[in-house]
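Data from target-v5.cif: mmCIF, C-alpha atoms
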```
data_protein
#
loop_
_atom_site.group_PDB
_atom_site.id
_atom_site.type_symbol
_atom_site.label_atom_id
_atom_site.label_comp_id
_atom_site.auth_asym_id
_atom_site.auth_seq_id
_atom_site.Cartn_x
_atom_site.Cartn_y
_atom_site.Cartn_z
ATOM 1 C CA MET A 1 10.494 26.206 29.411
ATOM 2 C CA THR A 2 8.939 24.639 32.518
ATOM 3 C CA ASP A 3 9.647 21.889 34.985
ATOM 4 C CA PRO A 4 8.341 18.456 34.006
ATOM 5 C CA ILE A 5 5.139 17.272 35.661
ATOM 6 C CA THR A 6 5.402 14.001 37.545
ATOM 7 C CA SER A 7 2.783 11.555 36.349
ATOM 8 C CA GLU A 8 1.184 9.083 38.716
ATOM 9 C CA TYR A 9 0.637 6.678 35.791
ATOM 10 C CA ASP A 10 4.170 6.477 34.345
ATOM 11 C CA ASP A 11 6.702 4.837 36.655
ATOM 12 C CA ASP A 12 9.534 5.056 34.133
ATOM 13 C CA PRO A 13 9.297 8.306 32.119
ATOM 14 C CA VAL A 14 11.711 9.023 29.284
ATOM 15 C CA ASP A 15 14.589 11.266 30.278
ATOM 16 C CA PRO A 16 15.494 13.334 27.193
ATOM 17 C CA ASP A 17 18.783 14.394 28.796
ATOM 18 C CA ALA A 18 19.966 10.864 29.587
ATOM 19 C CA GLU A 19 22.824 9.395 27.569
ATOM 20 C CA GLY A 20 22.210 6.487 25.229
ATOM 21 C CA GLY A 21 18.735 7.623 24.259
ATOM 22 C CA GLU A 22 16.883 6.649 21.105
ATOM 23 C CA SER A 23 18.765 7.234 17.886
ATOM 24 C CA THR A 24 17.676 10.170 15.745
ATOM 25 C CA ASP A 25 19.117 8.584 12.598
ATOM 26 C CA PRO A 26 16.529 7.609 9.969
ATOM 27 C CA PRO A 27 15.697 3.881 10.052
ATOM 28 C CA ASP A 28 17.332 1.746 7.371
ATOM 29 C CA LEU A 29 14.302 0.205 5.669
ATOM 30 C CA GLY A 30 15.895 -0.427 2.286
ATOM 31 C CA ASN A 31 13.871 0.464 -0.784
ATOM 32 C CA THR A 32 10.716 2.383 0.169
ATOM 33 C CA ASP A 33 9.444 3.241 -3.333
ATOM 34 C CA SER A 34 5.716 2.600 -3.616
ATOM 35 C CA PRO A 35 4.198 1.372 -6.904
ATOM 36 C CA ASP A 36 1.990 3.529 -9.111
ATOM 37 C CA LEU A 37 -1.007 1.263 -9.727
ATOM 38 C CA THR A 38 -3.627 1.104 -12.467
ATOM 39 C CA VAL A 39 -6.478 -1.355 -13.015
ATOM 40 C CA TRP A 40 -8.046 -2.692 -16.202
ATOM 41 C CA GLN A 41 -10.954 -0.497 -17.189
ATOM 42 C CA GLU A 42 -12.233 -3.359 -19.336
ATOM 43 C CA ARG A 43 -11.536 -7.041 -18.860
ATOM 44 C CA PRO A 44 -9.905 -8.779 -21.855
ATOM 45 C CA SER A 45 -12.610 -10.911 -23.421
ATOM 46 C CA PHE A 46 -12.554 -14.693 -23.405
ATOM 47 C CA ASP A 47 -13.122 -14.408 -27.146
ATOM 48 C CA GLU A 48 -9.556 -13.107 -27.507
ATOM 49 C CA LYS A 49 -6.749 -15.571 -28.033
ATOM 50 C CA PRO A 50 -4.694 -15.975 -24.837
ATOM 51 C CA GLN A 51 -1.210 -14.528 -24.871
ATOM 52 C CA ASP A 52 1.802 -16.416 -23.557
ATOM 53 C CA ILE A 53 2.640 -15.607 -19.948
ATOM 54 C CA GLY A 54 6.346 -15.299 -19.251
ATOM 55 C CA GLN A 55 7.835 -16.839 -16.116
ATOM 56 C CA ASP A 56 10.430 -15.189 -13.919
ATOM 57 C CA GLY A 57 12.584 -18.296 -13.681
ATOM 58 C CA GLY A 58 11.983 -18.710 -9.981
ATOM 59 C CA GLY A 59 10.468 -21.626 -8.160
ATOM 60 C CA ASP A 60 10.654 -25.317 -8.894
ATOM 61 C CA GLU A 61 10.514 -27.004 -12.264
ATOM 62 C CA PRO A 62 6.976 -27.710 -13.501
ATOM 63 C CA PRO A 63 5.826 -31.268 -12.819
ATOM 64 C CA ASP A 64 5.778 -33.849 -15.585
ATOM 65 C CA ALA A 65 2.547 -34.174 -17.518
ATOM 66 C CA THR A 66 0.150 -36.652 -15.952
ATOM 67 C CA PRO A 67 -2.665 -38.625 -17.578
ATOM 68 C CA SER A 68 -6.019 -36.948 -17.907
ATOM 69 C CA SER A 69 -8.192 -37.161 -14.815
ATOM 70 C CA GLY A 70 -11.321 -37.564 -16.894
ATOM 71 C CA ASP A 71 -14.068 -35.339 -18.181
ATOM 72 C CA PHE A 72 -14.563 -31.935 -16.607
ATOM 73 C CA SER A 73 -16.578 -28.812 -17.297
ATOM 74 C CA ILE A 74 -16.153 -25.115 -16.648
ATOM 75 C CA ASN A 75 -18.728 -22.350 -16.480
ATOM 76 C CA LEU A 76 -17.018 -19.505 -18.316
ATOM 77 C CA GLU A 77 -19.904 -17.142 -17.619
ATOM 78 C CA SER A 78 -19.413 -17.667 -13.876
ATOM 79 C CA VAL A 79 -15.643 -17.159 -14.233
ATOM 80 C CA ALA A 80 -16.185 -13.894 -16.113
ATOM 81 C CA THR A 81 -18.666 -12.646 -13.493
ATOM 82 C CA ASN A 82 -16.272 -13.338 -10.625
ATOM 83 C CA VAL A 83 -13.353 -11.719 -12.435
ATOM 84 C CA GLU A 84 -15.495 -8.629 -13.040
ATOM 85 C CA ASN A 85 -16.430 -8.529 -9.332
ATOM 86 C CA MET A 86 -12.775 -8.731 -8.305
ATOM 87 C CA LEU A 87 -11.881 -5.988 -10.781
ATOM 88 C CA SER A 88 -14.621 -3.730 -9.411
ATOM 89 C CA THR A 89 -13.354 -4.129 -5.850
ATOM 90 C CA SER A 90 -9.756 -3.639 -6.981
ATOM 91 C CA ARG A 91 -10.616 -0.385 -8.737
ATOM 92 C CA GLU A 92 -12.028 0.997 -5.481
ATOM 93 C CA LEU A 93 -9.011 -0.148 -3.454
ATOM 94 C CA VAL A 94 -6.497 1.232 -5.946
ATOM 95 C CA THR A 95 -8.336 4.575 -6.087
ATOM 96 C CA LYS A 96 -8.116 4.878 -2.295
ATOM 97 C CA TYR A 97 -4.501 3.714 -2.289
ATOM 98 C CA GLU A 98 -3.481 6.252 -4.937
ATOM 99 C CA ALA A 99 -5.249 9.060 -3.040
ATOM 100 C CA LEU A 100 -3.435 8.105 0.174
ATOM 101 C CA ARG A 101 -0.108 7.722 -1.641
ATOM 102 C CA THR A 102 -0.459 11.136 -3.267
ATOM 103 C CA ASN A 103 -1.321 12.751 0.050
ATOM 104 C CA VAL A 104 1.558 11.146 1.957
ATOM 105 C CA LEU A 105 4.209 11.856 -0.670
ATOM 106 C CA ALA A 106 3.033 15.442 -1.164
ATOM 107 C CA ASN A 107 3.065 16.363 2.530
ATOM 108 C CA GLN A 108 6.175 14.598 3.860
ATOM 109 C CA SER A 109 7.984 17.867 4.495
ATOM 110 C CA THR A 110 5.183 19.496 6.499
ATOM 111 C CA ILE A 111 2.938 16.815 8.002
ATOM 112 C CA PHE A 112 4.721 16.793 11.378
ATOM 113 C CA GLY A 113 5.236 20.547 11.623
ATOM 114 C CA GLN A 114 8.732 20.611 10.146
ATOM 115 C CA GLN A 115 8.095 24.056 8.615
ATOM 116 C CA SER A 116 6.181 25.561 11.530
ATOM 117 C CA THR A 117 7.155 29.130 12.407
ATOM 118 C CA GLU A 118 4.224 30.064 14.637
ATOM 119 C CA GLU A 119 5.211 31.691 17.912
ATOM 120 C CA ASP A 120 3.645 30.064 20.936
ATOM 121 C CA GLU A 121 2.403 32.507 23.555
ATOM 122 C CA GLY A 122 2.089 29.895 26.252
ATOM 123 C CA PHE A 123 1.108 26.313 26.902
ATOM 124 C CA PHE A 124 -1.871 24.291 28.061
ATOM 125 C CA ASP A 125 -1.403 22.322 31.287
ATOM 126 C CA PHE A 126 -3.448 19.145 30.879
ATOM 127 C CA SER A 127 -2.983 18.263 34.556
ATOM 128 C CA THR A 128 -4.765 21.413 35.736
ATOM 129 C CA GLY A 129 -6.813 22.307 32.679
ATOM 130 C CA GLU A 130 -5.334 25.816 32.648
ATOM 131 C CA TYR A 131 -3.533 27.789 29.961
ATOM 132 C CA TRP A 132 -0.262 29.386 31.077
ATOM 133 C CA ASN A 133 1.359 32.438 29.519
ATOM 134 C CA TRP A 134 5.092 32.971 29.231
ATOM 135 C CA ASP A 135 5.203 35.229 32.276
ATOM 136 C CA ASP A 136 8.657 34.135 33.424
ATOM 137 C CA GLY A 137 10.545 35.594 30.483
ATOM 138 C CA SER A 138 11.244 32.174 28.972
ATOM 139 C CA GLU A 139 9.286 32.739 25.794
ATOM 140 C CA PRO A 140 11.376 31.371 22.892
ATOM 141 C CA ASP A 141 12.951 34.046 20.723
ATOM 142 C CA ASP A 142 13.313 31.798 17.692
ATOM 143 C CA PRO A 143 9.921 31.218 15.973
ATOM 144 C CA SER A 144 11.355 28.059 14.364
ATOM 145 C CA ILE A 145 12.252 26.454 17.701
ATOM 146 C CA TRP A 146 9.636 23.743 17.113
ATOM 147 C CA GLN A 147 11.062 22.710 13.743
ATOM 148 C CA LYS A 148 14.054 20.722 14.989
ATOM 149 C CA PRO A 149 12.122 18.132 17.046
ATOM 150 C CA ALA A 150 9.531 17.916 14.270
ATOM 151 C CA MET A 151 12.245 17.215 11.701
ATOM 152 C CA GLU A 152 13.821 14.569 13.937
ATOM 153 C CA PHE A 153 10.446 12.872 14.332
ATOM 154 C CA ALA A 154 9.726 13.115 10.602
ATOM 155 C CA ALA A 155 13.105 11.542 9.832
ATOM 156 C CA GLN A 156 11.911 8.459 11.714
ATOM 157 C CA MET A 157 8.292 8.379 10.561
ATOM 158 C CA ASN A 158 8.461 9.333 6.880
ATOM 159 C CA PRO A 159 10.495 6.260 5.838
ATOM 160 C CA MET A 160 8.084 4.053 7.791
ATOM 161 C CA GLN A 161 5.095 5.636 6.081
ATOM 162 C CA ARG A 162 6.675 5.123 2.665
ATOM 163 C CA LYS A 163 7.467 1.502 3.563
ATOM 164 C CA VAL A 164 3.848 0.889 4.555
ATOM 165 C CA LEU A 165 2.709 2.376 1.244
ATOM 166 C CA GLN A 166 5.099 0.055 -0.561
ATOM 167 C CA GLN A 167 3.725 -2.971 1.310
ATOM 168 C CA VAL A 168 0.096 -2.025 0.630
ATOM 169 C CA GLY A 169 0.899 -1.401 -3.034
ATOM 170 C CA GLY A 170 2.698 -4.746 -3.239
ATOM 171 C CA VAL A 171 -0.365 -6.572 -1.916
ATOM 172 C CA LEU A 172 -2.584 -4.835 -4.476
ATOM 173 C CA GLU A 173 -0.117 -5.769 -7.221
ATOM 174 C CA LEU A 174 -0.380 -9.440 -6.212
ATOM 175 C CA VAL A 175 -4.169 -9.187 -6.270
ATOM 176 C CA GLY A 176 -3.938 -7.757 -9.781
ATOM 177 C CA GLU A 177 -1.668 -10.592 -10.886
ATOM 178 C CA TYR A 178 -4.151 -13.131 -9.530
ATOM 179 C CA ILE A 179 -7.024 -11.467 -11.407
ATOM 180 C CA ALA A 180 -4.981 -11.420 -14.625
ATOM 181 C CA LEU A 181 -4.152 -15.128 -14.249
ATOM 182 C CA ALA A 182 -7.784 -16.004 -13.556
ATOM 183 C CA ASN A 183 -8.863 -14.135 -16.681
ATOM 184 C CA HIS A 184 -6.063 -15.750 -18.686
ATOM 185 C CA SER A 185 -7.296 -19.174 -17.566
ATOM 186 C CA GLY A 186 -10.736 -18.312 -18.895
ATOM 187 C CA GLN A 187 -9.208 -17.347 -22.230
ATOM 188 C CA VAL A 188 -7.251 -20.623 -22.334
ATOM 189 C CA TYR A 189 -10.336 -22.737 -21.669
ATOM 190 C CA ALA A 190 -12.337 -20.782 -24.252
ATOM 191 C CA GLU A 191 -9.572 -21.189 -26.833
ATOM 192 C CA ALA A 192 -9.384 -24.925 -26.085
ATOM 193 C CA ASP A 193 -13.145 -25.197 -26.531
ATOM 194 C CA ARG A 194 -13.006 -23.420 -29.887
ATOM 195 C CA ASN A 195 -10.393 -25.896 -31.102
ATOM 196 C CA SER A 196 -11.922 -29.059 -29.682
ATOM 197 C CA GLN A 197 -14.167 -29.980 -32.627
ATOM 198 C CA PHE A 198 -13.520 -33.210 -34.487
ATOM 199 C CA PRO A 199 -11.514 -32.797 -37.676
ATOM 200 C CA PRO A 200 -13.316 -33.437 -40.979
ATOM 201 C CA PRO A 201 -13.317 -37.058 -42.187
ATOM 202 C CA PRO A 202 -10.714 -38.123 -44.747
ATOM 203 C CA SER A 203 -11.584 -37.419 -48.366
ATOM 204 C CA ASN A 204 -10.857 -40.947 -49.667
ATOM 205 C CA THR A 205 -13.852 -43.234 -50.118
ATOM 206 C CA VAL A 206 -14.356 -46.736 -48.881
ATOM 207 C CA THR A 207 -14.176 -49.390 -51.561
ATOM 208 C CA GLY A 208 -15.370 -52.920 -51.213
#
```
Spell out the structure here as structure tokens.
Amino acid sequence: MTDPITSEYDDDPVDPDAEGGESTDPPDLGNTDSPDLTVWQERPSFDEKPQDIGQDGGGDEPPDATPSSGDFSINLESVATNVENMLSTSRELVTKYEALRTNVLANQSTIFGQQSTEEDEGFFDFSTGEYWNWDDGSEPDDPSIWQKPAMEFAAQMNPMQRKVLQQVGGVLELVGEYIALANHSGQVYAEADRNSQFPPPPSNTVTG
């Protein structure tokens, strides 16, 4: 195509013809599936009875019950307000995440020019600011000549992009679990409050 231009800023340029260059094999990143996320449109009310939360069996055994630490109080209205605020922020984040995920997954095969068939009539020389035509007869005959390097680059980048999506989705899933646990705690406290009244006195009468 053309001789490489020596840069005064790069003392050690990459030699594409040298042996032992970078591998073109896709990186082994394991599972790169990203989660499909949804968010509560309406928070479960504290008036609803809390449901049992299953445990995954991981972690340490729960500590033994300890004596009560004394009286305490909880502002359920404040808890509900904060849960609603977290849900509102999460809805925005998940909407943006899903839009990005859809875009990335839908354009993996074209985003880096893997399907490009446009014939290039020349090239722009950034060192001189001039556009050069193929006047030496070296114009590529194959209009898909640019596809191979684009596919090699995509093979490296697409798995990384999917892995990043998976990591972002995983963080949002953890945020959702935290919000669900916070709301469940509110339901537990509300249920405890509803069942904390003194029982009725015994029906037998005192005799003297």
Exercise for review: Report as a PyMOL selection string the full result of the PyMOL selection byres ((chain A and resi 157) around 12) when it is applied to this structure.
Suggested key: chain A and resi 24-29+104+108-109+111-112+150-156+158-164
Exercise for review: List the neighbours of Asn82 (chain A) out to 10 Å using all atoms listed in the file; skip same-chain residues closer than 6 positions along the sequence, and give me the result as a list in words.
Suggested key: Leu76, Ser88, Ile179, Ala182 and Asn183 of chain A
Exercise for review: List every protein, DNA or RNA residue that has at least one atom no more than 12 Å from (-18.0, -9.3, -16.6) in the file's coordinates, counting all atoms listed in the file, and write the result as a list in words.
Suggested key: Trp40, Gln41, Glu42, Arg43, Pro44, Ser45, Phe46, Leu76, Glu77, Ser78, Val79, Ala80, Thr81, Asn82, Val83, Glu84, Asn85, Met86, Leu87, Ser88, Asn183 and Gly186 of chain A
What would the file look like if the residues just selected were written as a JSON list (two decimals), in the coordinates of the input with C-alpha atoms?
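Output contents, as saved in part.json:
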```json
[["chain", "number", "residue", "atom", "x", "y", "z"],
["A", 40, "TRP", "CA", -8.05, -2.69, -16.20],
["A", 41, "GLN", "CA", -10.95, -0.50, -17.19],
["A", 42, "GLU", "CA", -12.23, -3.36, -19.34],
["A", 43, "ARG", "CA", -11.54, -7.04, -18.86],
["A", 44, "PRO", "CA", -9.90, -8.78, -21.86],
["A", 45, "SER", "CA", -12.61, -10.91, -23.42],
["A", 46, "PHE", "CA", -12.55, -14.69, -23.40],
["A", 76, "LEU", "CA", -17.02, -19.50, -18.32],
["A", 77, "GLU", "CA", -19.90, -17.14, -17.62],
["A", 78, "SER", "CA", -19.41, -17.67, -13.88],
["A", 79, "VAL", "CA", -15.64, -17.16, -14.23],
["A", 80, "ALA", "CA", -16.18, -13.89, -16.11],
["A", 81, "THR", "CA", -18.67, -12.65, -13.49],
["A", 82, "ASN", "CA", -16.27, -13.34, -10.62],
["A", 83, "VAL", "CA", -13.35, -11.72, -12.44],
["A", 84, "GLU", "CA", -15.50, -8.63, -13.04],
["A", 85, "ASN", "CA", -16.43, -8.53, -9.33],
["A", 86, "MET", "CA", -12.78, -8.73, -8.30],
["A", 87, "LEU", "CA", -11.88, -5.99, -10.78],
["A", 88, "SER", "CA", -14.62, -3.73, -9.41],
["A", 183, "ASN", "CA", -8.86, -14.14, -16.68],
["A", 186, "GLY", "CA", -10.74, -18.31, -18.90]]
```
Practice item. State, in Å with one decimal place, the distance from CA of Val171 (chain A) to CA of Asn107 (chain A). Key: 23.6 Å
Review point. Got a sec: who's within 9 Å of Ser116 (chain A), counting only C-alpha atoms, leaving out chain neighbours fewer than 4 positions off, as a VMD selection string?
Key: chain A and resid 110 112 143 to 147 150
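Distance-wise, CA of Thr38 (chain A) and CA of His184 (chain A) end up 18.1 Å apart.
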Exercise for review: Could you please determine the separation between CA of Ala180 (chain A) and CA of Asn195 (chain A) in Å, to one decimal place?
Suggested key: 22.6 Å
**Study point:** Selected residue of minimal separation from Ala99 (chain A) among A:Asp71, A:Glu48, A:Asp193, A:Asp36, counting all atoms listed in the file
**Key:** A:Asp36
Can you rebuild region 188-206 of chain A with N, CA and C atoms and give it as a compact mmCIF listing (two decimals), keeping the file's coordinate frame?
```
# COMPACT_ATOMS: atom_id res chain seq x y z
N VAL A 188 -7.83 -19.34 -21.92
CA VAL A 188 -7.25 -20.62 -22.33
C VAL A 188 -8.33 -21.67 -22.52
N TYR A 189 -9.25 -21.76 -21.55
CA TYR A 189 -10.34 -22.74 -21.67
C TYR A 189 -11.23 -22.43 -22.87
N ALA A 190 -11.51 -21.15 -23.11
CA ALA A 190 -12.34 -20.78 -24.25
C ALA A 190 -11.64 -21.12 -25.56
N GLU A 191 -10.33 -20.86 -25.63
CA GLU A 191 -9.57 -21.19 -26.83
C GLU A 191 -9.54 -22.70 -27.05
N ALA A 192 -9.38 -23.47 -25.96
CA ALA A 192 -9.38 -24.92 -26.08
C ALA A 192 -10.73 -25.42 -26.58
N ASP A 193 -11.80 -24.79 -26.11
CA ASP A 193 -13.14 -25.20 -26.53
C ASP A 193 -13.36 -24.90 -28.01
N ARG A 194 -12.83 -23.77 -28.48
CA ARG A 194 -13.01 -23.42 -29.89
C ARG A 194 -12.24 -24.37 -30.81
N ASN A 195 -11.21 -25.00 -30.28
CA ASN A 195 -10.39 -25.90 -31.10
C ASN A 195 -10.60 -27.37 -30.76
N SER A 196 -11.70 -27.67 -30.11
CA SER A 196 -11.92 -29.06 -29.68
C SER A 196 -12.85 -29.84 -30.61
N GLN A 197 -13.27 -29.26 -31.73
CA GLN A 197 -14.17 -29.98 -32.63
C GLN A 197 -13.40 -31.09 -33.35
N PHE A 198 -14.14 -32.10 -33.75
CA PHE A 198 -13.52 -33.21 -34.49
C PHE A 198 -13.08 -32.71 -35.86
N PRO A 199 -11.96 -33.20 -36.34
CA PRO A 199 -11.51 -32.80 -37.68
C PRO A 199 -12.44 -33.41 -38.73
N PRO A 200 -12.47 -32.87 -39.93
CA PRO A 200 -13.32 -33.44 -40.98
C PRO A 200 -12.81 -34.85 -41.34
N PRO A 201 -13.72 -35.69 -41.81
CA PRO A 201 -13.32 -37.06 -42.19
C PRO A 201 -12.39 -37.04 -43.40
N PRO A 202 -11.61 -38.08 -43.59
CA PRO A 202 -10.71 -38.12 -44.75
C PRO A 202 -11.50 -38.10 -46.05
N SER A 203 -10.89 -37.58 -47.09
CA SER A 203 -11.58 -37.42 -48.37
C SER A 203 -11.68 -38.73 -49.16
N ASN A 204 -10.80 -39.72 -48.87
CA ASN A 204 -10.86 -40.95 -49.67
C ASN A 204 -12.12 -41.74 -49.34
N THR A 205 -12.61 -42.45 -50.29
CA THR A 205 -13.85 -43.23 -50.12
C THR A 205 -13.53 -44.67 -49.83
N VAL A 206 -14.53 -45.31 -49.22
CA VAL A 206 -14.36 -46.74 -48.88
C VAL A 206 -14.73 -47.57 -50.11
```
